[in-house]
$ cat work-v8.cif   # mmCIF, C-alpha atoms and all ligand atoms
data_coords
#
loop_
_atom_site.label_atom_id
_atom_site.label_comp_id
_atom_site.auth_asym_id
_atom_site.auth_seq_id
_atom_site.Cartn_x
_atom_site.Cartn_y
_atom_site.Cartn_z
CA MET A 1 0.00 0.00 0.00
CA TYR A 2 1.47 3.31 -1.07
CA ASP A 3 0.76 6.54 0.81
CA ILE A 4 0.42 8.42 -2.48
CA ILE A 5 0.22 7.15 -6.05
CA ILE A 6 1.07 9.93 -8.50
CA ILE A 7 -0.12 9.43 -12.06
CA GLY A 8 1.96 11.47 -14.49
CA ALA A 9 5.58 12.63 -14.28
CA GLY A 10 5.29 16.13 -15.72
CA PRO A 11 6.07 19.25 -13.67
CA ALA A 12 2.89 18.85 -11.55
CA GLY A 13 3.44 15.16 -10.78
CA LEU A 14 7.17 15.49 -10.11
CA THR A 15 6.61 18.50 -7.85
CA ALA A 16 4.04 16.48 -5.90
CA ALA A 17 6.63 13.68 -5.65
CA LEU A 18 9.29 16.10 -4.41
CA TYR A 19 7.05 17.36 -1.61
CA ALA A 20 5.81 13.88 -0.67
CA LEU A 21 9.32 12.42 -0.53
CA ARG A 22 10.51 15.29 1.63
CA ALA A 23 7.66 14.33 4.00
CA ASN A 24 8.93 10.72 4.04
CA LYS A 25 5.88 9.32 2.29
CA LYS A 26 5.93 6.04 0.42
CA ILE A 27 5.08 7.04 -3.11
CA LEU A 28 4.73 5.53 -6.54
CA ILE A 29 5.05 7.59 -9.70
CA LEU A 30 3.45 6.10 -12.81
CA GLU A 31 4.25 7.51 -16.23
CA ALA A 32 3.18 6.17 -19.62
CA LYS A 33 5.90 7.75 -21.76
CA ALA A 34 8.78 9.93 -20.54
CA TYR A 35 9.22 12.22 -17.56
CA GLY A 36 8.91 15.98 -18.08
CA GLY A 37 5.55 16.13 -19.83
CA GLN A 38 4.88 18.98 -22.23
CA ILE A 39 7.63 21.21 -20.83
CA ILE A 40 10.26 19.21 -22.71
CA THR A 41 8.95 20.80 -25.91
CA ALA A 42 9.78 24.34 -24.67
CA HIS A 43 12.91 25.69 -26.35
CA LYS A 44 13.42 28.32 -23.69
CA ILE A 45 11.62 29.03 -20.44
CA GLU A 46 11.86 32.71 -19.62
CA ASN A 47 8.85 33.21 -17.37
CA TYR A 48 9.66 30.95 -14.44
CA PRO A 49 10.43 33.10 -11.39
CA GLY A 50 14.04 32.89 -10.26
CA ILE A 51 15.31 31.10 -13.34
CA ASP A 52 16.44 33.48 -16.03
CA ASN A 53 16.76 31.15 -18.96
CA ILE A 54 16.59 27.36 -19.19
CA THR A 55 15.43 24.85 -21.79
CA GLY A 56 12.42 22.66 -21.11
CA VAL A 57 14.56 19.51 -21.18
CA GLU A 58 17.04 20.99 -18.66
CA PHE A 59 14.17 21.97 -16.37
CA ALA A 60 12.65 18.48 -16.59
CA ASP A 61 16.04 16.82 -15.97
CA ASN A 62 16.71 19.02 -12.94
CA LEU A 63 13.31 18.29 -11.43
CA TYR A 64 13.62 14.56 -12.15
CA ASN A 65 17.08 14.47 -10.53
CA GLN A 66 15.74 16.25 -7.43
CA VAL A 67 13.10 13.53 -7.10
CA LYS A 68 15.56 10.73 -7.86
CA ASN A 69 18.07 12.01 -5.28
CA LEU A 70 15.34 11.74 -2.66
CA GLY A 71 14.80 8.08 -3.60
CA GLY A 72 11.85 8.62 -5.97
CA GLU A 73 11.45 6.16 -8.79
CA ILE A 74 9.20 6.25 -11.81
CA LYS A 75 7.51 3.11 -13.10
CA TYR A 76 6.92 3.44 -16.82
CA GLU A 77 3.47 1.87 -17.03
CA THR A 78 0.23 3.02 -18.63
CA VAL A 79 -2.67 3.46 -16.23
CA LEU A 80 -5.81 1.75 -17.50
CA LYS A 81 -8.20 2.32 -14.61
CA ILE A 82 -8.74 3.40 -11.01
CA ASP A 83 -11.47 1.94 -8.84
CA GLU A 84 -13.45 3.09 -5.80
CA GLU A 85 -10.90 1.52 -3.42
CA ARG A 86 -8.06 3.43 -5.11
CA ASN A 87 -6.60 0.39 -6.81
CA VAL A 88 -4.71 1.57 -9.85
CA THR A 89 -4.49 -0.92 -12.71
CA THR A 90 -1.76 -0.44 -15.30
CA ASP A 91 -0.79 -2.45 -18.37
CA LYS A 92 1.56 -4.44 -16.09
CA ASN A 93 0.30 -4.44 -12.47
CA THR A 94 -2.25 -3.29 -9.93
CA TYR A 95 -1.23 -0.98 -7.07
CA SER A 96 -3.17 0.37 -4.08
CA GLY A 97 -2.85 3.85 -2.66
CA LYS A 98 -4.15 5.55 0.47
CA THR A 99 -4.39 8.58 -1.80
CA ILE A 100 -3.98 9.28 -5.52
CA ILE A 101 -2.85 12.40 -7.32
CA ILE A 102 -3.85 12.61 -10.97
CA ALA A 103 -1.34 14.74 -12.89
CA THR A 104 -1.84 13.42 -16.39
CA GLY A 105 -1.57 16.82 -18.11
CA ALA A 106 -2.75 17.24 -21.64
CA LYS A 107 -1.67 16.11 -25.09
CA ASN A 108 -1.21 17.96 -28.37
CA ARG A 109 -4.42 18.71 -30.21
CA LYS A 110 -4.52 17.50 -33.80
CA LEU A 111 -5.82 19.57 -36.70
CA GLY A 112 -8.28 16.81 -37.46
CA LEU A 113 -7.46 16.29 -41.13
CA ASN A 114 -7.94 12.73 -42.40
CA GLU A 115 -4.44 12.51 -43.83
CA GLU A 116 -2.73 14.11 -40.79
CA SER A 117 -1.44 10.93 -39.14
CA LYS A 118 -0.01 9.64 -42.44
CA TYR A 119 2.54 12.49 -42.44
CA ILE A 120 3.57 12.41 -38.76
CA GLY A 121 7.36 12.00 -38.83
CA LYS A 122 7.25 12.61 -42.58
CA GLY A 123 6.98 16.37 -42.44
CA VAL A 124 4.31 16.87 -39.80
CA SER A 125 5.44 17.54 -36.22
CA TYR A 126 3.90 18.76 -32.97
CA CYS A 127 7.24 19.70 -31.40
CA ALA A 128 9.50 22.33 -32.96
CA SER A 129 12.27 21.94 -30.40
CA CYS A 130 12.36 18.17 -31.05
CA ASP A 131 12.21 18.20 -34.85
CA GLY A 132 13.17 21.73 -35.90
CA ASN A 133 16.76 20.81 -36.71
CA LEU A 134 15.56 18.49 -39.46
CA PHE A 135 14.51 21.56 -41.42
CA LYS A 136 17.73 23.56 -41.65
CA GLU A 137 17.51 25.96 -44.60
CA LYS A 138 14.14 24.47 -45.58
CA THR A 139 10.65 25.96 -45.78
CA VAL A 140 8.24 25.27 -42.92
CA ALA A 141 4.84 26.40 -41.72
CA VAL A 142 3.49 26.73 -38.18
CA ILE A 143 -0.22 26.61 -37.45
CA GLY A 144 -1.73 28.27 -34.37
CA GLY A 145 -1.99 31.61 -32.63
CA GLY A 146 -1.09 30.89 -29.00
CA ASN A 147 2.26 31.20 -27.22
CA ALA A 148 3.34 27.78 -28.43
CA ALA A 149 2.85 28.66 -32.10
CA LEU A 150 4.57 32.04 -31.73
CA GLU A 151 7.50 30.51 -29.86
CA ASP A 152 7.78 27.72 -32.41
CA ALA A 153 7.78 30.19 -35.31
CA LEU A 154 10.48 32.26 -33.59
CA TYR A 155 12.61 29.20 -32.90
CA LEU A 156 12.21 27.90 -36.45
CA SER A 157 13.02 31.30 -37.97
CA ASN A 158 16.58 30.79 -36.70
CA ILE A 159 16.86 27.39 -38.39
CA ALA A 160 14.69 27.32 -41.50
CA LYS A 161 15.05 29.39 -44.64
CA LYS A 162 11.40 30.44 -44.58
CA VAL A 163 8.60 30.22 -42.00
CA TYR A 164 4.90 30.72 -42.64
CA LEU A 165 2.78 31.36 -39.56
CA ILE A 166 -0.83 30.50 -40.28
CA HIS A 167 -3.57 31.56 -37.87
CA ARG A 168 -7.34 31.24 -38.20
CA ARG A 169 -8.05 34.75 -36.86
CA ASP A 170 -6.45 38.18 -37.35
CA THR A 171 -5.14 38.56 -33.79
CA PHE A 172 -2.92 36.27 -31.80
CA ARG A 173 -3.85 34.78 -28.47
CA GLY A 174 -0.13 34.58 -27.57
CA GLU A 175 1.94 37.32 -25.95
CA GLU A 176 2.72 40.51 -27.84
CA ALA A 177 6.44 40.24 -27.06
CA TYR A 178 6.67 37.14 -29.27
CA TYR A 179 4.66 38.78 -32.04
CA ASN A 180 6.92 41.86 -31.97
CA ALA A 181 10.01 39.67 -32.18
CA LEU A 182 8.51 37.75 -35.12
CA LYS A 183 7.68 40.95 -37.00
CA LYS A 184 11.40 41.76 -37.03
CA LYS A 185 12.25 38.48 -38.77
CA GLU A 186 12.61 38.83 -42.52
CA ASN A 187 12.03 35.14 -43.20
CA VAL A 188 8.64 34.99 -41.42
CA THR A 189 5.40 35.52 -43.33
CA PHE A 190 2.07 35.80 -41.49
CA ILE A 191 -1.04 34.32 -43.03
CA PHE A 192 -4.10 35.44 -41.05
CA ASN A 193 -7.76 34.42 -41.21
CA SER A 194 -6.78 31.13 -42.77
CA VAL A 195 -6.78 27.43 -42.04
CA CYS A 196 -4.90 24.49 -43.45
CA SER A 197 -7.45 22.36 -45.28
CA LYS A 198 -5.30 19.66 -46.93
CA LEU A 199 -1.87 18.07 -46.79
CA ASN A 200 -0.25 16.75 -49.99
CA GLY A 201 2.75 14.58 -50.79
CA GLU A 202 3.71 11.13 -52.03
CA GLU A 203 6.18 9.64 -49.54
CA LYS A 204 6.40 12.73 -47.36
CA LEU A 205 4.75 16.13 -46.97
CA GLU A 206 5.35 18.33 -50.00
CA SER A 207 2.69 21.04 -49.82
CA ILE A 208 -0.40 22.21 -47.96
CA ILE A 209 -3.59 23.90 -49.06
CA VAL A 210 -4.42 27.05 -47.10
CA LYS A 211 -7.95 28.40 -47.24
CA ASP A 212 -8.93 31.92 -46.15
CA ASN A 213 -12.24 33.15 -44.74
CA ASN A 214 -13.52 33.84 -48.26
CA GLU A 215 -12.81 30.25 -49.29
CA ASN A 216 -9.86 31.33 -51.48
CA GLU A 217 -7.27 28.57 -51.61
CA GLN A 218 -3.52 28.72 -52.11
CA GLU A 219 -0.95 25.92 -52.22
CA LEU A 220 2.22 26.40 -50.16
CA LYS A 221 5.21 24.23 -51.00
CA ILE A 222 6.73 23.33 -47.65
CA ASP A 223 9.04 20.70 -46.20
CA GLY A 224 7.73 20.75 -42.64
CA LEU A 225 4.49 21.57 -40.88
CA PHE A 226 4.45 22.32 -37.15
CA ILE A 227 1.01 22.06 -35.61
CA ALA A 228 0.66 24.11 -32.40
CA VAL A 229 -3.07 24.45 -31.91
CA GLY A 230 -3.24 23.80 -28.19
CA GLN A 231 -3.72 20.81 -25.98
CA GLU A 232 -6.50 18.57 -24.84
CA PRO A 233 -6.69 16.37 -21.75
CA SER A 234 -6.66 12.58 -21.69
CA ASN A 235 -8.93 11.86 -18.76
CA GLU A 236 -11.29 9.34 -20.38
CA ILE A 237 -10.08 6.54 -18.11
CA PHE A 238 -11.16 8.46 -15.00
CA ALA A 239 -14.59 9.45 -16.32
CA ASN A 240 -16.40 6.54 -14.65
CA LEU A 241 -15.13 7.57 -11.22
CA ILE A 242 -14.73 11.35 -11.01
CA ASP A 243 -16.49 14.40 -12.43
CA ILE A 244 -15.12 15.76 -15.68
CA ASP A 245 -16.30 18.82 -17.61
CA ASP A 246 -17.58 18.85 -21.19
CA LYS A 247 -14.07 19.50 -22.54
CA GLY A 248 -12.63 16.52 -20.67
CA TYR A 249 -10.90 18.42 -17.83
CA ILE A 250 -11.24 17.13 -14.26
CA ILE A 251 -13.42 19.35 -12.09
CA ALA A 252 -11.40 20.49 -9.08
CA HIS A 253 -12.85 22.01 -5.92
CA ASP A 254 -10.51 24.41 -4.12
CA ASP A 255 -8.05 23.78 -6.97
CA VAL A 256 -7.25 20.22 -5.87
CA TYR A 257 -10.16 18.03 -4.69
CA THR A 258 -11.87 15.80 -7.26
CA SER A 259 -15.41 14.54 -6.71
CA LYS A 260 -13.95 11.38 -5.11
CA GLU A 261 -12.47 11.41 -1.64
CA LYS A 262 -8.71 10.93 -1.42
CA ILE A 263 -8.23 11.38 -5.16
CA TYR A 264 -6.68 14.73 -6.03
CA VAL A 265 -5.77 16.46 -9.28
CA ALA A 266 -2.85 18.72 -10.22
CA GLY A 267 -1.71 20.53 -13.35
CA ASP A 268 -3.15 20.83 -16.83
CA ALA A 269 -5.51 17.86 -16.39
CA ARG A 270 -7.88 19.96 -14.28
CA VAL A 271 -10.28 22.80 -15.00
CA LYS A 272 -8.28 26.00 -14.49
CA LYS A 273 -7.74 29.45 -15.94
CA LEU A 274 -4.02 29.36 -16.63
CA ARG A 275 -2.08 26.32 -17.81
CA GLN A 276 1.58 27.17 -17.39
CA LEU A 277 4.66 25.78 -15.71
CA THR A 278 4.22 28.04 -12.68
CA THR A 279 0.64 26.92 -12.12
CA ALA A 280 1.51 23.25 -12.69
CA VAL A 281 4.17 23.21 -9.98
CA SER A 282 1.88 25.20 -7.70
CA ASP A 283 -0.80 22.56 -8.19
CA GLY A 284 1.69 19.76 -7.56
CA SER A 285 2.78 21.19 -4.23
CA LEU A 286 -0.81 21.79 -3.08
CA ALA A 287 -1.94 18.28 -4.06
CA ALA A 288 1.02 16.78 -2.20
CA ILE A 289 0.31 18.74 0.99
CA VAL A 290 -3.34 17.63 0.95
CA ALA A 291 -2.42 14.01 0.17
CA ILE A 292 0.33 13.91 2.83
CA SER A 293 -2.11 15.12 5.43
CA GLU A 294 -4.72 12.53 4.41
CA ALA A 295 -2.15 9.71 4.33
CA ASN A 296 -1.10 10.61 7.88
CA ASN A 297 -4.65 10.09 9.15
P1 LIG B 301 -3.50 27.92 -26.81
O1 LIG B 301 -3.06 29.13 -26.08
O2 LIG B 301 -4.76 27.24 -26.44
O3 LIG B 301 -3.61 28.36 -28.36
C1 LIG B 301 -4.05 27.46 -29.32
C2 LIG B 301 -4.10 28.21 -30.65
O4 LIG B 301 -4.44 27.31 -31.68
C3 LIG B 301 -5.14 29.33 -30.64
O5 LIG B 301 -4.61 30.46 -31.28
C4 LIG B 301 -6.30 28.73 -31.45
O6 LIG B 301 -6.97 29.68 -32.22
C5 LIG B 301 -5.57 27.80 -32.39
N1 LIG B 301 -6.38 26.63 -32.78
C6 LIG B 301 -7.04 25.76 -31.97
N2 LIG B 301 -7.62 24.78 -32.70
C7 LIG B 301 -7.31 25.06 -34.00
C8 LIG B 301 -7.61 24.42 -35.23
N3 LIG B 301 -8.31 23.27 -35.28
N4 LIG B 301 -7.13 24.96 -36.37
C9 LIG B 301 -6.40 26.10 -36.33
N5 LIG B 301 -6.09 26.76 -35.20
C10 LIG B 301 -6.53 26.24 -34.05
O7 LIG B 301 -2.41 26.76 -26.83
P2 LIG B 301 -0.81 26.82 -26.71
O8 LIG B 301 -0.25 27.88 -27.55
O9 LIG B 301 -0.36 25.42 -26.92
O10 LIG B 301 -0.58 27.18 -25.20
C11 LIG B 301 -1.20 26.41 -24.15
C12 LIG B 301 -0.93 27.08 -22.81
O11 LIG B 301 0.46 27.00 -22.54
C13 LIG B 301 -1.32 28.55 -22.81
O12 LIG B 301 -1.78 28.89 -21.53
C14 LIG B 301 -0.01 29.23 -23.10
O13 LIG B 301 0.06 30.56 -22.63
C15 LIG B 301 0.96 28.30 -22.39
N6 LIG B 301 2.30 28.41 -22.98
C16 LIG B 301 3.12 29.32 -22.42
C17 LIG B 301 4.36 29.53 -22.97
C18 LIG B 301 5.22 30.57 -22.33
O14 LIG B 301 4.72 31.28 -21.47
N7 LIG B 301 6.46 30.72 -22.69
C19 LIG B 301 4.78 28.80 -24.08
C20 LIG B 301 3.91 27.88 -24.64
C21 LIG B 301 2.65 27.71 -24.09
P3 LIG B 301 -7.91 30.81 -31.52
O15 LIG B 301 -6.95 31.81 -30.92
O16 LIG B 301 -8.69 31.33 -32.66
O17 LIG B 301 -8.73 30.07 -30.52
#

$ encode --input "work-v8.cif" --output "structure tokens"
Amino acid sequence: MYDIIIIGAGPAGLTAALYALRANKKILILEAKAYGGQIITAHKIENYPGIDNITGVEFADNLYNQVKNLGGEIKYETVLKIDEERNVTTDKNTYSGKTIIIATGAKNRKLGLNEESKYIGKGVSYCASCDGNLFKEKTVAVIGGGNAALEDALYLSNIAKKVYLIHRRDTFRGEEAYYNALKKKENVTFIFNSVCSKLNGEEKLESIIVKDNNENEQELKIDGLFIAVGQEPSNEIFANLIDIDDKGYIIAHDDVYTSKEKIYVAGDARVKKLRQLTTAVSDGSLAAIVAISEANN
């Protein structure tokens, strides 16, 4: 029996682990893929208080090492279900926890085009910092209007010959500082009020069709397409047990309590106003404090 089972090893889950280990709790961290979560796709983090400039991978490594040095260990298993008694079934085992913290974050949203998955790894990417280097001196396009898309376009403008930034509206949701920096780049072209309606190519992506609000279409010859249209949660497996909103986010009372006793939520997986690194680690610490107190009872 673990004091706390933490599902997800992103910033929220690892912060919860850090706090729980410092309180001498017996914890289990379950992660389906790799530690770090979405932050590993950030080229540069410049808005984390007290750290001037760090890459997402460095941040994730530092946090992971902090947890590891306290004796924390991640089991790389995919959670399939949780039951009323807080038994957590994975693809390999079943574990029991006095408490559970769900910190499963969110995953990249797809554009939703039929042919999209065919080109993943063949020109289509959801992570500029992971795949950007494959497009040195090539032509790429970024889709989206949030901070991720703006950051991706800025990052790629230093690598690629040409960057198109395609957004469905005429104003960006992302911060003005990024937009101002992009406007200074000669190799960046903005395409507003437009969506990508088709991907073309034999073996790999060769061009995309971009359609504006008046249904005018143009074909852009590109080598790479970076899709940065936000995230969506993956909480389906918890839906039978805890309350989830119509967009799939876990409903959290007082920022941490789910509808089920002794099951808590932290980070992007929950309903919240701001999904950033600062709020994820804040959530992780709060969930740990609540779970530690419950496990002590
Ligand atoms: P986001 O802020 O939700 O933006 C998603 C963008 O994609 C929006 O501009 C949206 O358009 C567009 N979009 C959504 N679905 C689309 C579709 N099917 N086709 C075309 N466009 C579509 O997501 P994000 O940029 O990934 O950022 C997520 C969170 O992380 C945000 O809170 C963001 O501030 C944060 N973040 C912070 C940093 C940083 O601070 N350095 C970096 C990255 C991300 P509309 O605007 O029209 O809705």

$ closest_atom_pairs --input "work-v8.cif" --of "chain A" --to "ligand LIG 301 (chain B)" --cutoff "7 Å" --atoms "all atoms listed in the file" --output "JSON lines"
{"residue": "A:Ala42", "atom": "CA", "partner": "B:LIG301", "partner_atom": "C19", "distance": 6.7}
{"residue": "A:Ile45", "atom": "CA", "partner": "B:LIG301", "partner_atom": "N7", "distance": 5.9}
{"residue": "A:Glu46", "atom": "CA", "partner": "B:LIG301", "partner_atom": "N7", "distance": 6.5}
{"residue": "A:Asn47", "atom": "CA", "partner": "B:LIG301", "partner_atom": "O14", "distance": 6.1}
{"residue": "A:Leu111", "atom": "CA", "partner": "B:LIG301", "partner_atom": "N3", "distance": 4.7}
{"residue": "A:Gly112", "atom": "CA", "partner": "B:LIG301", "partner_atom": "N3", "distance": 6.8}
{"residue": "A:Ile143", "atom": "CA", "partner": "B:LIG301", "partner_atom": "N5", "distance": 6.3}
{"residue": "A:Gly144", "atom": "CA", "partner": "B:LIG301", "partner_atom": "O4", "distance": 3.9}
{"residue": "A:Gly145", "atom": "CA", "partner": "B:LIG301", "partner_atom": "O5", "distance": 3.2}
{"residue": "A:Gly146", "atom": "CA", "partner": "B:LIG301", "partner_atom": "O8", "distance": 3.4}
{"residue": "A:Asn147", "atom": "CA", "partner": "B:LIG301", "partner_atom": "O8", "distance": 4.2}
{"residue": "A:Ala148", "atom": "CA", "partner": "B:LIG301", "partner_atom": "O8", "distance": 3.7}
{"residue": "A:Ala149", "atom": "CA", "partner": "B:LIG301", "partner_atom": "O8", "distance": 5.6}
{"residue": "A:Glu151", "atom": "CA", "partner": "B:LIG301", "partner_atom": "C19", "distance": 6.6}
{"residue": "A:His167", "atom": "CA", "partner": "B:LIG301", "partner_atom": "N5", "distance": 6.0}
{"residue": "A:Arg168", "atom": "CA", "partner": "B:LIG301", "partner_atom": "N5", "distance": 5.5}
{"residue": "A:Arg169", "atom": "CA", "partner": "B:LIG301", "partner_atom": "O16", "distance": 5.5}
{"residue": "A:Phe172", "atom": "CA", "partner": "B:LIG301", "partner_atom": "O5", "distance": 6.1}
{"residue": "A:Arg173", "atom": "CA", "partner": "B:LIG301", "partner_atom": "O15", "distance": 4.9}
{"residue": "A:Gly174", "atom": "CA", "partner": "B:LIG301", "partner_atom": "O1", "distance": 6.4}
{"residue": "A:Val195", "atom": "CA", "partner": "B:LIG301", "partner_atom": "C9", "distance": 5.9}
{"residue": "A:Ala228", "atom": "CA", "partner": "B:LIG301", "partner_atom": "O9", "distance": 5.7}
{"residue": "A:Val229", "atom": "CA", "partner": "B:LIG301", "partner_atom": "O4", "distance": 3.2}
{"residue": "A:Gly230", "atom": "CA", "partner": "B:LIG301", "partner_atom": "O7", "distance": 3.4}
{"residue": "A:Gln231", "atom": "CA", "partner": "B:LIG301", "partner_atom": "O9", "distance": 5.8}
{"residue": "A:Leu274", "atom": "CA", "partner": "B:LIG301", "partner_atom": "O12", "distance": 5.4}
{"residue": "A:Arg275", "atom": "CA", "partner": "B:LIG301", "partner_atom": "O12", "distance": 4.5}
{"residue": "A:Gln276", "atom": "CA", "partner": "B:LIG301", "partner_atom": "C15", "distance": 5.2}

$ write_last_selection --input "work-v8.cif" --atoms "C-alpha atoms" --output "compact mmCIF listing (two decimals), keeping the file's coordinate frame"
# COMPACT_ATOMS: atom_id res chain seq x y z
CA ALA A 42 9.78 24.34 -24.67
CA ILE A 45 11.62 29.03 -20.44
CA GLU A 46 11.86 32.71 -19.62
CA ASN A 47 8.85 33.21 -17.37
CA LEU A 111 -5.82 19.57 -36.70
CA GLY A 112 -8.28 16.81 -37.46
CA ILE A 143 -0.22 26.61 -37.45
CA GLY A 144 -1.73 28.27 -34.37
CA GLY A 145 -1.99 31.61 -32.63
CA GLY A 146 -1.09 30.89 -29.00
CA ASN A 147 2.26 31.20 -27.22
CA ALA A 148 3.34 27.78 -28.43
CA ALA A 149 2.85 28.66 -32.10
CA GLU A 151 7.50 30.51 -29.86
CA HIS A 167 -3.57 31.56 -37.87
CA ARG A 168 -7.34 31.24 -38.20
CA ARG A 169 -8.05 34.75 -36.86
CA PHE A 172 -2.92 36.27 -31.80
CA ARG A 173 -3.85 34.78 -28.47
CA GLY A 174 -0.13 34.58 -27.57
CA VAL A 195 -6.78 27.43 -42.04
CA ALA A 228 0.66 24.11 -32.40
CA VAL A 229 -3.07 24.45 -31.91
CA GLY A 230 -3.24 23.80 -28.19
CA GLN A 231 -3.72 20.81 -25.98
CA LEU A 274 -4.02 29.36 -16.63
CA ARG A 275 -2.08 26.32 -17.81
CA GLN A 276 1.58 27.17 -17.39

$ closest_residue --input "work-v8.cif" --among "A:Thr41, A:Thr139, A:Thr15, A:Asn180" --to "Leu225 in chain A" --atoms "only C-alpha atoms"
A:Thr139

$ atom_distance --input "work-v8.cif" --atom1 "CA of Ala106 in chain A" --atom2 "CA of Asn235 in chain A"
8.7 Å

$ residues_around --input "work-v8.cif" --residues "range 245-247 of chain A" --least-positions-apart "5" --cutoff "9 Å" --atoms "only C-alpha atoms" --output "number ranges by chain"
A: 232-233, 271

$ residues_near_point --input "work-v8.cif" --point "(0.9, 15.2, -12.6)" --cutoff "10 Å" --atoms "only C-alpha atoms" --output "NGL selection string"
:A and (6-17 or 29-31 or 36-37 or 101-106 or 265-269 or 280-281 or 283-284 or 287)

$ residues_around --input "work-v8.cif" --residues "Asn240 in chain A" --least-positions-apart "4" --cutoff "12 Å" --atoms "only C-alpha atoms" --output "PyMOL selection string"
chain A and resi 80-84+235-236+244+250+259-260

$ closest_residue --input "work-v8.cif" --among "A:Ile209, A:Leu220, A:Val290, A:Ile100" --to "Val163 in chain A" --atoms "only C-alpha atoms"
A:Leu220

$ decode --input "work-v8.cif" --residues "range 7-12 of chain A" --atoms "all heavy atoms" --output "short mmCIF file (atom, residue, chain, number, x, y, z; two decimals), in the first residue's frame"
data_model
loop_
_atom_site.label_atom_id
_atom_site.label_comp_id
_atom_site.auth_asym_id
_atom_site.auth_seq_id
_atom_site.Cartn_x
_atom_site.Cartn_y
_atom_site.Cartn_z
N ILE A 7 0.01 9.86 -10.66
CA ILE A 7 -0.12 9.43 -12.06
C ILE A 7 0.30 10.59 -12.95
O ILE A 7 -0.36 11.62 -13.02
CB ILE A 7 -1.56 9.00 -12.37
CG1 ILE A 7 -2.03 7.94 -11.36
CG2 ILE A 7 -1.66 8.45 -13.80
CD1 ILE A 7 -3.48 7.54 -11.51
N GLY A 8 1.44 10.42 -13.61
CA GLY A 8 1.96 11.47 -14.49
C GLY A 8 3.24 12.08 -13.92
O GLY A 8 3.27 12.47 -12.75
N ALA A 9 4.28 12.11 -14.75
CA ALA A 9 5.58 12.63 -14.28
C ALA A 9 5.97 13.90 -15.03
O ALA A 9 7.11 14.09 -15.43
CB ALA A 9 6.67 11.57 -14.42
N GLY A 10 4.99 14.79 -15.22
CA GLY A 10 5.29 16.13 -15.72
C GLY A 10 5.65 17.03 -14.54
O GLY A 10 5.82 16.54 -13.41
N PRO A 11 5.73 18.33 -14.76
CA PRO A 11 6.07 19.25 -13.67
C PRO A 11 5.14 19.14 -12.46
O PRO A 11 5.60 19.19 -11.31
CB PRO A 11 5.96 20.63 -14.33
CG PRO A 11 6.30 20.36 -15.75
CD PRO A 11 5.70 19.01 -16.06
N ALA A 12 3.83 18.95 -12.68
CA ALA A 12 2.89 18.85 -11.55
C ALA A 12 3.15 17.57 -10.76
O ALA A 12 3.28 17.60 -9.52
CB ALA A 12 1.44 18.89 -12.05
#
